[in-house]
>>> print(open('run.pdb').read())   # PDB, C-alpha atoms
ATOM      1  CA  MET A  26      10.953 -12.849  -0.670
ATOM      2  CA  LYS A  27       8.332 -11.639   1.811
ATOM      3  CA  LEU A  28       4.722 -11.814   0.625
ATOM      4  CA  ALA A  29       1.632 -10.116   2.030
ATOM      5  CA  PHE A  30      -1.874  -9.210   0.937
ATOM      6  CA  THR A  31      -4.043  -6.242   1.836
ATOM      7  CA  THR A  32      -7.446  -6.838   3.364
ATOM      8  CA  LEU A  33      -8.916  -4.776   0.545
ATOM      9  CA  GLY A  34      -8.963  -8.103  -1.272
ATOM     10  CA  CYS A  35     -10.997 -10.003   1.321
ATOM     11  CA  PRO A  36     -13.654  -7.586   2.598
ATOM     12  CA  LYS A  37     -15.879 -10.408   3.910
ATOM     13  CA  TRP A  38     -13.241 -12.415   5.791
ATOM     14  CA  ASP A  39     -13.176 -12.364   9.572
ATOM     15  CA  LEU A  40      -9.918 -12.352  11.509
ATOM     16  CA  GLU A  41      -9.746 -16.126  11.889
ATOM     17  CA  THR A  42     -10.158 -16.586   8.147
ATOM     18  CA  ILE A  43      -7.584 -13.900   7.333
ATOM     19  CA  VAL A  44      -4.990 -15.548   9.554
ATOM     20  CA  SER A  45      -5.703 -19.133   8.526
ATOM     21  CA  LYS A  46      -5.754 -18.383   4.798
ATOM     22  CA  ALA A  47      -2.559 -16.332   5.024
ATOM     23  CA  VAL A  48      -0.809 -19.322   6.558
ATOM     24  CA  GLU A  49      -2.401 -21.821   4.160
ATOM     25  CA  TYR A  50      -1.424 -19.844   1.064
ATOM     26  CA  GLY A  51       2.138 -19.154   2.171
ATOM     27  CA  TYR A  52       2.094 -15.485   3.165
ATOM     28  CA  ASP A  53       4.388 -13.785   5.646
ATOM     29  CA  GLY A  54       2.172 -10.828   6.494
ATOM     30  CA  VAL A  55      -1.175  -9.068   6.250
ATOM     31  CA  ASP A  56      -1.545  -5.375   5.416
ATOM     32  CA  PHE A  57      -4.753  -4.034   6.920
ATOM     33  CA  ARG A  58      -6.866  -1.788   4.700
ATOM     34  CA  GLY A  59     -10.236  -2.102   6.340
ATOM     35  CA  TYR A  60     -11.932  -4.988   8.104
ATOM     36  CA  LEU A  61     -15.518  -6.219   7.665
ATOM     37  CA  GLY A  62     -16.828  -2.933   6.327
ATOM     38  CA  GLU A  63     -14.916  -0.542   8.603
ATOM     39  CA  MET A  64     -12.037   1.149   6.785
ATOM     40  CA  GLU A  65     -10.504   2.687   9.914
ATOM     41  CA  ILE A  66      -9.775  -0.460  11.855
ATOM     42  CA  TYR A  67      -8.692   1.257  15.086
ATOM     43  CA  ARG A  68     -12.420   1.861  15.717
ATOM     44  CA  LEU A  69     -13.002  -1.886  16.061
ATOM     45  CA  PRO A  70     -12.680  -4.098  19.173
ATOM     46  CA  GLU A  71     -10.131  -6.313  17.399
ATOM     47  CA  PHE A  72      -7.755  -3.347  17.336
ATOM     48  CA  SER A  73      -8.732  -1.647  20.574
ATOM     49  CA  THR A  74     -10.398  -3.386  23.521
ATOM     50  CA  ASP A  75      -9.603  -6.908  22.261
ATOM     51  CA  ILE A  76      -6.226  -6.102  20.747
ATOM     52  CA  GLU A  77      -4.287  -8.607  22.868
ATOM     53  CA  ASN A  78      -6.281 -11.460  21.366
ATOM     54  CA  THR A  79      -5.539 -10.162  17.865
ATOM     55  CA  LYS A  80      -1.841  -9.879  18.661
ATOM     56  CA  LYS A  81      -1.838 -13.466  19.918
ATOM     57  CA  LYS A  82      -3.469 -14.753  16.731
ATOM     58  CA  PHE A  83      -0.767 -13.154  14.609
ATOM     59  CA  LYS A  84       2.059 -14.229  16.880
ATOM     60  CA  ASP A  85       0.842 -17.827  17.029
ATOM     61  CA  ALA A  86       0.621 -17.895  13.222
ATOM     62  CA  SER A  87       4.093 -16.281  12.813
ATOM     63  CA  LEU A  88       2.523 -13.527  10.722
ATOM     64  CA  GLU A  89       3.542  -9.883  10.588
ATOM     65  CA  ILE A  90       1.548  -6.745   9.921
ATOM     66  CA  PRO A  91       4.138  -4.949   7.767
ATOM     67  CA  CYS A  92       1.982  -1.903   7.099
ATOM     68  CA  PHE A  93      -1.276  -0.278   8.109
ATOM     69  CA  SER A  94      -2.903   1.288   5.049
ATOM     70  CA  SER A  95      -4.614   4.450   6.201
ATOM     71  CA  SER A  96      -6.985   6.848   4.458
ATOM     72  CA  ILE A  97      -4.765   9.827   5.294
ATOM     73  CA  ARG A  98      -4.187  12.348   2.496
ATOM     74  CA  LEU A  99      -1.272  14.743   2.509
ATOM     75  CA  PHE A 100      -3.037  17.295   0.336
ATOM     76  CA  THR A 101      -5.801  19.208   2.054
ATOM     77  CA  THR A 102      -6.491  22.908   2.524
ATOM     78  CA  SER A 103      -9.030  22.293   5.290
ATOM     79  CA  GLU A 104      -7.727  22.719   8.829
ATOM     80  CA  ALA A 105     -10.538  20.555  10.168
ATOM     81  CA  GLU A 106      -9.740  17.760   7.717
ATOM     82  CA  LEU A 107      -6.045  17.997   8.540
ATOM     83  CA  GLU A 108      -6.810  17.679  12.241
ATOM     84  CA  GLY A 109      -8.813  14.569  11.433
ATOM     85  CA  PHE A 110      -5.875  13.103   9.530
ATOM     86  CA  LEU A 111      -3.509  13.882  12.393
ATOM     87  CA  ASP A 112      -5.824  12.084  14.799
ATOM     88  CA  GLU A 113      -6.018   9.119  12.418
ATOM     89  CA  LEU A 114      -2.243   9.057  12.194
ATOM     90  CA  ASN A 115      -1.983   8.988  15.970
ATOM     91  CA  GLN A 116      -4.338   6.029  16.082
ATOM     92  CA  TYR A 117      -2.372   4.061  13.489
ATOM     93  CA  ALA A 118       0.924   4.966  15.124
ATOM     94  CA  LEU A 119      -0.372   3.436  18.357
ATOM     95  CA  LEU A 120      -1.258   0.262  16.447
ATOM     96  CA  CYS A 121       2.218   0.199  14.926
ATOM     97  CA  LYS A 122       3.674   0.211  18.422
ATOM     98  CA  GLU A 123       1.441  -2.691  19.447
ATOM     99  CA  PHE A 124       2.241  -4.853  16.402
ATOM    100  CA  ASN A 125       5.850  -3.754  15.754
ATOM    101  CA  THR A 126       4.695  -2.441  12.392
ATOM    102  CA  PRO A 127       7.199  -0.113  10.678
ATOM    103  CA  TYR A 128       4.978   1.614   8.109
ATOM    104  CA  ILE A 129       1.769   3.574   7.642
ATOM    105  CA  ARG A 130       0.597   4.104   4.060
ATOM    106  CA  VAL A 131      -0.639   7.589   3.149
ATOM    107  CA  PHE A 132      -2.039   9.067  -0.054
ATOM    108  CA  GLY A 133      -0.993  12.274  -1.748
ATOM    109  CA  GLY A 134      -4.598  12.994  -2.670
ATOM    110  CA  LYS A 135      -6.255  14.765  -5.582
ATOM    111  CA  ILE A 136      -5.227  18.380  -6.090
ATOM    112  CA  GLU A 137      -8.038  19.306  -8.543
ATOM    113  CA  ASP A 138      -7.173  22.684 -10.121
ATOM    114  CA  THR A 139      -4.461  23.656  -7.627
ATOM    115  CA  PRO A 140      -1.198  24.508  -9.435
ATOM    116  CA  ARG A 141       1.342  21.727  -8.951
ATOM    117  CA  GLN A 142       3.943  23.778  -7.092
ATOM    118  CA  ASP A 143       1.280  25.175  -4.775
ATOM    119  CA  ALA A 144       0.088  21.638  -4.116
ATOM    120  CA  ILE A 145       3.629  20.507  -3.320
ATOM    121  CA  ASN A 146       4.014  23.361  -0.852
ATOM    122  CA  ILE A 147       0.704  22.506   0.841
ATOM    123  CA  VAL A 148       1.687  18.839   1.077
ATOM    124  CA  ALA A 149       5.080  19.773   2.528
ATOM    125  CA  ASP A 150       3.454  21.955   5.201
ATOM    126  CA  ASN A 151       0.948  19.266   6.181
ATOM    127  CA  LEU A 152       3.610  16.591   6.117
ATOM    128  CA  ARG A 153       5.771  18.441   8.600
ATOM    129  CA  LYS A 154       2.956  18.166  11.149
ATOM    130  CA  MET A 155       2.445  14.494  10.392
ATOM    131  CA  LEU A 156       6.127  13.696  10.633
ATOM    132  CA  LYS A 157       6.240  14.976  14.205
ATOM    133  CA  ILE A 158       3.886  12.136  15.088
ATOM    134  CA  ALA A 159       5.839   9.636  12.994
ATOM    135  CA  GLU A 160       9.076  10.597  14.722
ATOM    136  CA  GLU A 161       7.475  10.386  18.154
ATOM    137  CA  TYR A 162       6.376   6.804  17.528
ATOM    138  CA  GLN A 163       9.399   5.847  15.419
ATOM    139  CA  VAL A 164       7.238   4.806  12.485
ATOM    140  CA  SER A 165       7.650   5.729   8.820
ATOM    141  CA  LEU A 166       5.042   7.161   6.472
ATOM    142  CA  LEU A 167       4.890   5.689   2.980
ATOM    143  CA  LEU A 168       3.610   7.866   0.145
ATOM    144  CA  GLU A 169       1.983   5.607  -2.430
ATOM    145  CA  THR A 170       2.466   6.214  -6.139
ATOM    146  CA  HIS A 171      -1.221   6.903  -6.606
ATOM    147  CA  ASP A 172      -3.837   9.489  -7.672
ATOM    148  CA  ASP A 173      -2.295  12.895  -8.505
ATOM    149  CA  TRP A 174       1.056  11.757  -7.099
ATOM    150  CA  THR A 175       1.683   8.850  -9.425
ATOM    151  CA  ASN A 176       4.427  10.508 -11.495
ATOM    152  CA  CYS A 177       7.822   9.884  -9.973
ATOM    153  CA  GLU A 178       8.955  13.500 -10.343
ATOM    154  CA  TYR A 179       6.092  14.741  -8.163
ATOM    155  CA  VAL A 180       6.891  12.200  -5.456
ATOM    156  CA  GLU A 181      10.572  13.067  -5.699
ATOM    157  CA  GLU A 182       9.819  16.725  -5.048
ATOM    158  CA  VAL A 183       7.867  15.876  -1.905
ATOM    159  CA  LEU A 184      10.755  13.719  -0.705
ATOM    160  CA  LYS A 185      13.142  16.622  -1.208
ATOM    161  CA  GLN A 186      10.873  18.932   0.751
ATOM    162  CA  ALA A 187      10.416  16.449   3.597
ATOM    163  CA  LYS A 188      14.082  15.550   4.131
ATOM    164  CA  SER A 189      13.056  12.993   6.731
ATOM    165  CA  ASN A 190      14.203   9.506   7.663
ATOM    166  CA  TYR A 191      10.567   8.784   8.516
ATOM    167  CA  PHE A 192       9.167   9.420   5.047
ATOM    168  CA  HIS A 193       9.560   6.935   2.207
ATOM    169  CA  VAL A 194       7.816   5.578  -0.900
ATOM    170  CA  LEU A 195       5.352   2.788  -1.522
ATOM    171  CA  TRP A 196       5.763   1.776  -5.160
ATOM    172  CA  ASP A 197       2.441   0.557  -6.477
ATOM    173  CA  VAL A 198       4.005  -1.064  -9.514
ATOM    174  CA  HIS A 199       0.740  -0.900 -11.451
ATOM    175  CA  HIS A 200      -0.254   2.756 -11.322
ATOM    176  CA  PRO A 201       2.770   4.579 -12.801
ATOM    177  CA  TYR A 202       3.055   2.136 -15.696
ATOM    178  CA  ARG A 203      -0.657   1.883 -16.448
ATOM    179  CA  THR A 204      -1.967   5.372 -15.756
ATOM    180  CA  VAL A 205       0.927   7.706 -16.721
ATOM    181  CA  ASN A 206       2.962   5.392 -18.986
ATOM    182  CA  GLU A 207       6.019   5.600 -16.736
ATOM    183  CA  SER A 208       8.661   2.936 -17.241
ATOM    184  CA  PRO A 209       9.673   0.910 -14.177
ATOM    185  CA  GLU A 210      13.282   1.807 -14.919
ATOM    186  CA  LEU A 211      12.480   5.520 -14.600
ATOM    187  CA  THR A 212      10.469   4.952 -11.426
ATOM    188  CA  TRP A 213      13.365   3.129  -9.817
ATOM    189  CA  LYS A 214      15.997   5.580 -11.062
ATOM    190  CA  THR A 215      14.048   8.476  -9.557
ATOM    191  CA  LEU A 216      12.689   6.941  -6.356
ATOM    192  CA  GLY A 217      14.603   3.718  -5.790
ATOM    193  CA  LYS A 218      16.559   4.857  -2.754
ATOM    194  CA  SER A 219      13.289   5.679  -1.005
ATOM    195  CA  ILE A 220      11.189   2.661  -2.028
ATOM    196  CA  LYS A 221      10.622   0.564   1.096
ATOM    197  CA  TYR A 222       7.409  -1.282   0.224
ATOM    198  CA  THR A 223       5.533  -2.407  -2.881
ATOM    199  CA  HIS A 224       1.965  -3.156  -4.019
ATOM    200  CA  TRP A 225       1.322  -5.618  -6.834
ATOM    201  CA  LYS A 226      -1.542  -5.981  -9.294
ATOM    202  CA  ASP A 227      -2.020  -6.642 -13.011
ATOM    203  CA  SER A 228      -4.417  -5.333 -15.673
ATOM    204  CA  TYR A 229      -5.095  -4.983 -19.368
ATOM    205  CA  ILE A 230      -6.462  -2.113 -21.454
ATOM    206  CA  THR A 231     -10.171  -2.177 -22.253
ATOM    207  CA  ASP A 232     -12.970   0.220 -23.151
ATOM    208  CA  ASP A 233     -15.410  -1.749 -21.011
ATOM    209  CA  THR A 234     -14.535  -0.033 -17.706
ATOM    210  CA  LYS A 235     -14.599   3.609 -16.625
ATOM    211  CA  ARG A 236     -10.913   3.492 -15.754
ATOM    212  CA  GLY A 237      -9.961   2.157 -19.166
ATOM    213  CA  TYR A 238      -8.396  -0.991 -17.785
ATOM    214  CA  GLN A 239      -9.499  -4.246 -16.168
ATOM    215  CA  LEU A 240      -7.796  -5.747 -13.151
ATOM    216  CA  CYS A 241      -6.921  -9.416 -13.541
ATOM    217  CA  LEU A 242      -4.947 -12.210 -11.941
ATOM    218  CA  LEU A 243      -1.221 -11.600 -12.038
ATOM    219  CA  GLY A 244       0.351 -12.694 -15.300
ATOM    220  CA  GLU A 245      -2.918 -12.437 -17.223
ATOM    221  CA  GLY A 246      -2.479  -8.740 -18.007
ATOM    222  CA  ASP A 247       0.302  -6.785 -19.667
ATOM    223  CA  ILE A 248       1.982  -5.049 -16.725
ATOM    224  CA  PRO A 249       5.696  -6.067 -16.974
ATOM    225  CA  LEU A 250       5.740  -7.677 -13.539
ATOM    226  CA  GLU A 251       8.739  -9.935 -14.152
ATOM    227  CA  ARG A 252      10.738  -6.912 -15.294
ATOM    228  CA  MET A 253       9.729  -4.994 -12.190
ATOM    229  CA  TYR A 254      10.652  -7.885  -9.951
ATOM    230  CA  ARG A 255      14.093  -8.164 -11.514
ATOM    231  CA  ILE A 256      14.737  -4.447 -11.035
ATOM    232  CA  LEU A 257      13.862  -4.704  -7.359
ATOM    233  CA  LYS A 258      15.949  -7.799  -6.712
ATOM    234  CA  ASP A 259      18.918  -6.587  -8.764
ATOM    235  CA  LYS A 260      18.935  -3.358  -6.770
ATOM    236  CA  GLY A 261      18.813  -5.145  -3.427
ATOM    237  CA  TYR A 262      15.221  -4.449  -2.431
ATOM    238  CA  SER A 263      14.394  -6.494   0.674
ATOM    239  CA  GLY A 264      10.892  -5.263   1.518
ATOM    240  CA  TYR A 265       7.490  -6.823   1.088
ATOM    241  CA  PHE A 266       5.807  -7.781  -2.175
ATOM    242  CA  THR A 267       2.190  -7.109  -1.236
ATOM    243  CA  LEU A 268      -0.802  -8.130  -3.325
ATOM    244  CA  GLU A 269      -3.376  -5.348  -3.511
ATOM    245  CA  TRP A 270      -6.359  -7.257  -4.840
ATOM    246  CA  GLU A 271      -9.028  -4.533  -5.027
ATOM    247  CA  LYS A 272     -12.058  -6.712  -4.403
ATOM    248  CA  LYS A 273     -13.597  -3.965  -2.249
ATOM    249  CA  TRP A 274     -13.699  -1.571  -5.224
ATOM    250  CA  TRP A 275     -13.994  -4.158  -8.032
ATOM    251  CA  PRO A 276     -16.531  -6.704  -6.682
ATOM    252  CA  ASP A 277     -16.682  -8.666  -9.942
ATOM    253  CA  ILE A 278     -13.038  -9.747  -9.948
ATOM    254  CA  GLU A 279     -12.065 -13.194  -8.655
ATOM    255  CA  GLU A 280     -12.710 -14.184  -5.067
ATOM    256  CA  PRO A 281      -9.775 -13.980  -2.634
ATOM    257  CA  GLU A 282      -9.659 -17.773  -2.337
ATOM    258  CA  ILE A 283      -8.598 -17.790  -5.982
ATOM    259  CA  ALA A 284      -6.551 -14.601  -6.252
ATOM    260  CA  PHE A 285      -4.567 -14.937  -3.023
ATOM    261  CA  ARG A 286      -3.479 -18.495  -3.756
ATOM    262  CA  GLN A 287      -2.633 -17.609  -7.368
ATOM    263  CA  TYR A 288      -0.449 -14.686  -6.262
ATOM    264  CA  THR A 289       1.936 -16.741  -4.136
ATOM    265  CA  THR A 290       2.264 -19.295  -6.924
ATOM    266  CA  PHE A 291       2.920 -16.571  -9.499
ATOM    267  CA  MET A 292       5.475 -14.696  -7.405
ATOM    268  CA  ASN A 293       7.369 -17.827  -6.446
ATOM    269  CA  THR A 294       7.554 -18.755 -10.114
ATOM    270  CA  VAL A 295       8.812 -15.292 -11.024
ATOM    271  CA  ALA A 296      11.416 -15.464  -8.254
ATOM    272  CA  GLY A 297      12.561 -18.849  -9.491
ATOM    273  CA  GLU A 298      12.894 -17.621 -13.066
ATOM    274  CA  ALA A 299      14.864 -14.575 -11.914
ATOM    275  CA  VAL A 300      17.687 -16.696 -10.487
ATOM    276  CA  LYS A 301      18.162 -18.814 -13.606
TER
END
>>> encode(input="run.pdb", output="structure tokens")
Amino acid sequence: MKLAFTTLGCPKWDLETIVSKAVEYGYDGVDFRGYLGEMEIYRLPEFSTDIENTKKKFKDASLEIPCFSSSIRLFTTSEAELEGFLDELNQYALLCKEFNTPYIRVFGGKIEDTPRQDAINIVADNLRKMLKIAEEYQVSLLLETHDDWTNCEYVEEVLKQAKSNYFHVLWDVHHPYRTVNESPELTWKTLGKSIKYTHWKDSYITDDTKRGYQLCLLGEGDIPLERMYRILKDKGYSGYFTLEWEKKWWPDIEEPEIAFRQYTTFMNTVAGEAVK
């Protein structure tokens, strides 16, 4: 079982802390979603002018960067915005080449009042342009089950339109179950062949937050995480199990020193129970 965390969960950690804590807590990789306040990390020296030093830190620690989590959205009707996303994709694709990273996470994006089929067509058109870059750099785009593309049938339709070996699915195990009441069995049945990467979080229902749920340490909520794990392992999933601790967006949840250590303990326990 390969474990990683996204840097969304440690917005105040510098590179040395990220690497040292990943090793201390038993992680295999780090998924970059921002660094010290800059969401698009390719703008920073650590991933441009000083990239060789960053590569050395990860190599010396035997850590991978399994995915770069971008801000790219597939749905946009603005040519200028699309050009910006294509440039961003180029930048992340270059980083993938430097770090031998196979995946770039992308969002579907909010479609507002656009009819669903129209939105799918727009996404398919934009995706064709993005996939030319992905193919050039031999890197795959991962569409996360998120925002207006949480339902498995919507993601499935985009997959059918794309028909590409460079376009797959990131199953955020939380969102479909929590926000659209989709069973993990249905998610896997519909998208399983395309799921190459996963995000993990837990929550419970409450009226005290705008979203109607509260994020919590894994195992303290009611997301059926053990069930989801068993589905993945029974079906031969061999990708990463990545903690997406949303400290950046939920500043009141536990500090990464607590959450990151707890995650490896929880997942190792779940893995042990699954083989009994």
>>> atom_distance(input="run.pdb", atom1="atom CA of A:Thr31", atom2="atom CA of A:Asp150")
29.4 Å
>>> closest_residue(input="run.pdb", among="A:Leu69, A:Leu242, A:Val164, A:Leu61", to="A:Arg130", atoms="all atoms listed in the file")
A:Val164
>>> resolve_selection(input="run.pdb", expression="the PyMOL selection byres ((chain A and resi 161) around 12)", output="list in words")
Leu114, Asn115, Ala118, Leu119, Cys121, Lys122, Lys154, Met155, Leu156, Lys157, Ile158, Ala159, Glu160, Tyr162, Gln163, Val164, Ser165 and Tyr191 of chain A
>>> atom_distance(input="run.pdb", atom1="atom CA of A:Ser189", atom2="atom CA of A:Ala29")
26.2 Å
>>> resolve_selection(input="run.pdb", expression="the PyMOL selection byres ((chain A and resi 35-48) around 8)", output="JSON list (two decimals) with C-alpha atoms, in the frame of the given file")
[["chain", "number", "residue", "atom", "x", "y", "z"],
["A", 31, "THR", "CA", -4.04, -6.24, 1.84],
["A", 32, "THR", "CA", -7.45, -6.84, 3.36],
["A", 33, "LEU", "CA", -8.92, -4.78, 0.55],
["A", 34, "GLY", "CA", -8.96, -8.10, -1.27],
["A", 49, "GLU", "CA", -2.40, -21.82, 4.16],
["A", 50, "TYR", "CA", -1.42, -19.84, 1.06],
["A", 51, "GLY", "CA", 2.14, -19.15, 2.17],
["A", 52, "TYR", "CA", 2.09, -15.48, 3.16],
["A", 53, "ASP", "CA", 4.39, -13.78, 5.65],
["A", 54, "GLY", "CA", 2.17, -10.83, 6.49],
["A", 55, "VAL", "CA", -1.18, -9.07, 6.25],
["A", 59, "GLY", "CA", -10.24, -2.10, 6.34],
["A", 60, "TYR", "CA", -11.93, -4.99, 8.10],
["A", 61, "LEU", "CA", -15.52, -6.22, 7.66],
["A", 62, "GLY", "CA", -16.83, -2.93, 6.33],
["A", 82, "LYS", "CA", -3.47, -14.75, 16.73],
["A", 83, "PHE", "CA", -0.77, -13.15, 14.61],
["A", 86, "ALA", "CA", 0.62, -17.90, 13.22],
["A", 88, "LEU", "CA", 2.52, -13.53, 10.72],
["A", 272, "LYS", "CA", -12.06, -6.71, -4.40],
["A", 273, "LYS", "CA", -13.60, -3.96, -2.25],
["A", 280, "GLU", "CA", -12.71, -14.18, -5.07],
["A", 281, "PRO", "CA", -9.78, -13.98, -2.63]]
>>> atom_distance(input="run.pdb", atom1="atom CA of A:Glu178", atom2="atom CA of A:Glu245")
29.3 Å
>>> resolve_selection(input="run.pdb", expression="the PyMOL selection byres ((chain A and resi 124) around 8)", output="list in words")
Lys80, Glu89, Ile90, Leu120, Cys121, Lys122, Glu123, Asn125 and Thr126 of chain A
>>> write_last_selection(input="run.pdb", atoms="C-alpha atoms", output="PDB file, in the frame of the given file")
ATOM      1  CA  LYS A  80      -1.841  -9.879  18.661  1.00  0.00           C
ATOM      2  CA  GLU A  89       3.542  -9.883  10.588  1.00  0.00           C
ATOM      3  CA  ILE A  90       1.548  -6.745   9.921  1.00  0.00           C
ATOM      4  CA  LEU A 120      -1.258   0.262  16.447  1.00  0.00           C
ATOM      5  CA  CYS A 121       2.218   0.199  14.926  1.00  0.00           C
ATOM      6  CA  LYS A 122       3.674   0.211  18.422  1.00  0.00           C
ATOM      7  CA  GLU A 123       1.441  -2.691  19.447  1.00  0.00           C
ATOM      8  CA  ASN A 125       5.850  -3.754  15.754  1.00  0.00           C
ATOM      9  CA  THR A 126       4.695  -2.441  12.392  1.00  0.00           C
TER      10      THR A 126
END
>>> residues_around(input="run.pdb", residues="stretch 225-231 of chain A", least_positions_apart="2", cutoff="12 Å", atoms="all atoms listed in the file", output="PyMOL selection string")
chain A and resi 28-31+34+170+195-204+222-223+233-251+253-254+265-272+278+284-285+287-289+291-292
>>> closest_residue(input="run.pdb", among="A:Lys185, A:Arg153, A:Arg286, A:His193", to="A:Lys218", atoms="all atoms listed in the file")
A:His193
>>> closest_residue(input="run.pdb", among="A:Leu111, A:Ala149, A:Ile256, A:Ala105", to="A:Val183", atoms="only C-alpha atoms")
A:Ala149
>>> residues_near_point(input="run.pdb", point="(14.2, 5.7, -4.4)", cutoff="12 Å", atoms="only C-alpha atoms", output="PyMOL selection string")
chain A and resi 167-168+170+177-178+180-182+184-185+192-196+209-223+257+260-262
>>> residues_around(input="run.pdb", residues="stretch 95-102 of chain A", least_positions_apart="2", cutoff="9 Å", atoms="all atoms listed in the file", output="MDAnalysis selection string")
chainID A and resid 57:59 64:65 93 104:107 109:111 113:114 117 129:136 144:145 147:149 151:152 155 168
>>> axis_aligned_box(input="run.pdb", around="stretch 136-141 of chain A", padding_each_side="4 Å", output="JSON")
{"center_x": -3.3, "center_y": 21.4, "center_z": -8.1, "size_x": 17.4, "size_y": 14.1, "size_z": 12.0}
>>> build_atoms(input="run.pdb", residues="stretch 142-148 of chain A", atoms="all heavy atoms", output="PDB file, keeping the file's coordinate frame")
ATOM      1  N   GLN A 142       2.992  23.310  -8.094  1.00  0.00           N
ATOM      2  CA  GLN A 142       3.943  23.778  -7.092  1.00  0.00           C
ATOM      3  C   GLN A 142       3.232  24.204  -5.811  1.00  0.00           C
ATOM      4  O   GLN A 142       3.725  23.960  -4.702  1.00  0.00           O
ATOM      5  CB  GLN A 142       4.784  24.931  -7.626  1.00  0.00           C
ATOM      6  CG  GLN A 142       5.957  25.305  -6.716  1.00  0.00           C
ATOM      7  CD  GLN A 142       6.872  24.117  -6.424  1.00  0.00           C
ATOM      8  OE1 GLN A 142       7.349  23.448  -7.330  1.00  0.00           O
ATOM      9  NE2 GLN A 142       7.104  23.839  -5.138  1.00  0.00           N
ATOM     10  N   ASP A 143       2.073  24.808  -5.955  1.00  0.00           N
ATOM     11  CA  ASP A 143       1.280  25.175  -4.775  1.00  0.00           C
ATOM     12  C   ASP A 143       0.872  23.919  -4.005  1.00  0.00           C
ATOM     13  O   ASP A 143       0.905  23.890  -2.763  1.00  0.00           O
ATOM     14  CB  ASP A 143       0.038  25.971  -5.174  1.00  0.00           C
ATOM     15  CG  ASP A 143       0.361  27.362  -5.678  1.00  0.00           C
ATOM     16  OD1 ASP A 143       1.524  27.802  -5.512  1.00  0.00           O
ATOM     17  OD2 ASP A 143      -0.538  28.013  -6.246  1.00  0.00           O
ATOM     18  N   ALA A 144       0.492  22.899  -4.751  1.00  0.00           N
ATOM     19  CA  ALA A 144       0.088  21.638  -4.116  1.00  0.00           C
ATOM     20  C   ALA A 144       1.263  21.011  -3.373  1.00  0.00           C
ATOM     21  O   ALA A 144       1.104  20.490  -2.259  1.00  0.00           O
ATOM     22  CB  ALA A 144      -0.454  20.680  -5.159  1.00  0.00           C
ATOM     23  N   ILE A 145       2.436  21.062  -3.965  1.00  0.00           N
ATOM     24  CA  ILE A 145       3.629  20.507  -3.320  1.00  0.00           C
ATOM     25  C   ILE A 145       3.918  21.249  -2.022  1.00  0.00           C
ATOM     26  O   ILE A 145       4.256  20.643  -0.999  1.00  0.00           O
ATOM     27  CB  ILE A 145       4.831  20.576  -4.280  1.00  0.00           C
ATOM     28  CG1 ILE A 145       4.652  19.551  -5.421  1.00  0.00           C
ATOM     29  CG2 ILE A 145       6.146  20.308  -3.539  1.00  0.00           C
ATOM     30  CD1 ILE A 145       5.671  19.670  -6.531  1.00  0.00           C
ATOM     31  N   ASN A 146       3.768  22.564  -2.052  1.00  0.00           N
ATOM     32  CA  ASN A 146       4.014  23.361  -0.852  1.00  0.00           C
ATOM     33  C   ASN A 146       3.011  23.039   0.252  1.00  0.00           C
ATOM     34  O   ASN A 146       3.366  22.952   1.434  1.00  0.00           O
ATOM     35  CB  ASN A 146       3.960  24.848  -1.189  1.00  0.00           C
ATOM     36  CG  ASN A 146       5.098  25.287  -2.090  1.00  0.00           C
ATOM     37  OD1 ASN A 146       6.145  24.628  -2.166  1.00  0.00           O
ATOM     38  ND2 ASN A 146       4.907  26.393  -2.787  1.00  0.00           N
ATOM     39  N   ILE A 147       1.744  22.854  -0.137  1.00  0.00           N
ATOM     40  CA  ILE A 147       0.704  22.506   0.841  1.00  0.00           C
ATOM     41  C   ILE A 147       0.994  21.131   1.451  1.00  0.00           C
ATOM     42  O   ILE A 147       0.909  20.939   2.674  1.00  0.00           O
ATOM     43  CB  ILE A 147      -0.683  22.524   0.174  1.00  0.00           C
ATOM     44  CG1 ILE A 147      -1.082  23.966  -0.168  1.00  0.00           C
ATOM     45  CG2 ILE A 147      -1.741  21.874   1.081  1.00  0.00           C
ATOM     46  CD1 ILE A 147      -2.282  24.081  -1.092  1.00  0.00           C
ATOM     47  N   VAL A 148       1.351  20.185   0.603  1.00  0.00           N
ATOM     48  CA  VAL A 148       1.687  18.839   1.077  1.00  0.00           C
ATOM     49  C   VAL A 148       2.873  18.896   2.037  1.00  0.00           C
ATOM     50  O   VAL A 148       2.873  18.251   3.094  1.00  0.00           O
ATOM     51  CB  VAL A 148       1.991  17.915  -0.120  1.00  0.00           C
ATOM     52  CG1 VAL A 148       2.753  16.670   0.332  1.00  0.00           C
ATOM     53  CG2 VAL A 148       0.701  17.516  -0.814  1.00  0.00           C
TER      54      VAL A 148
END
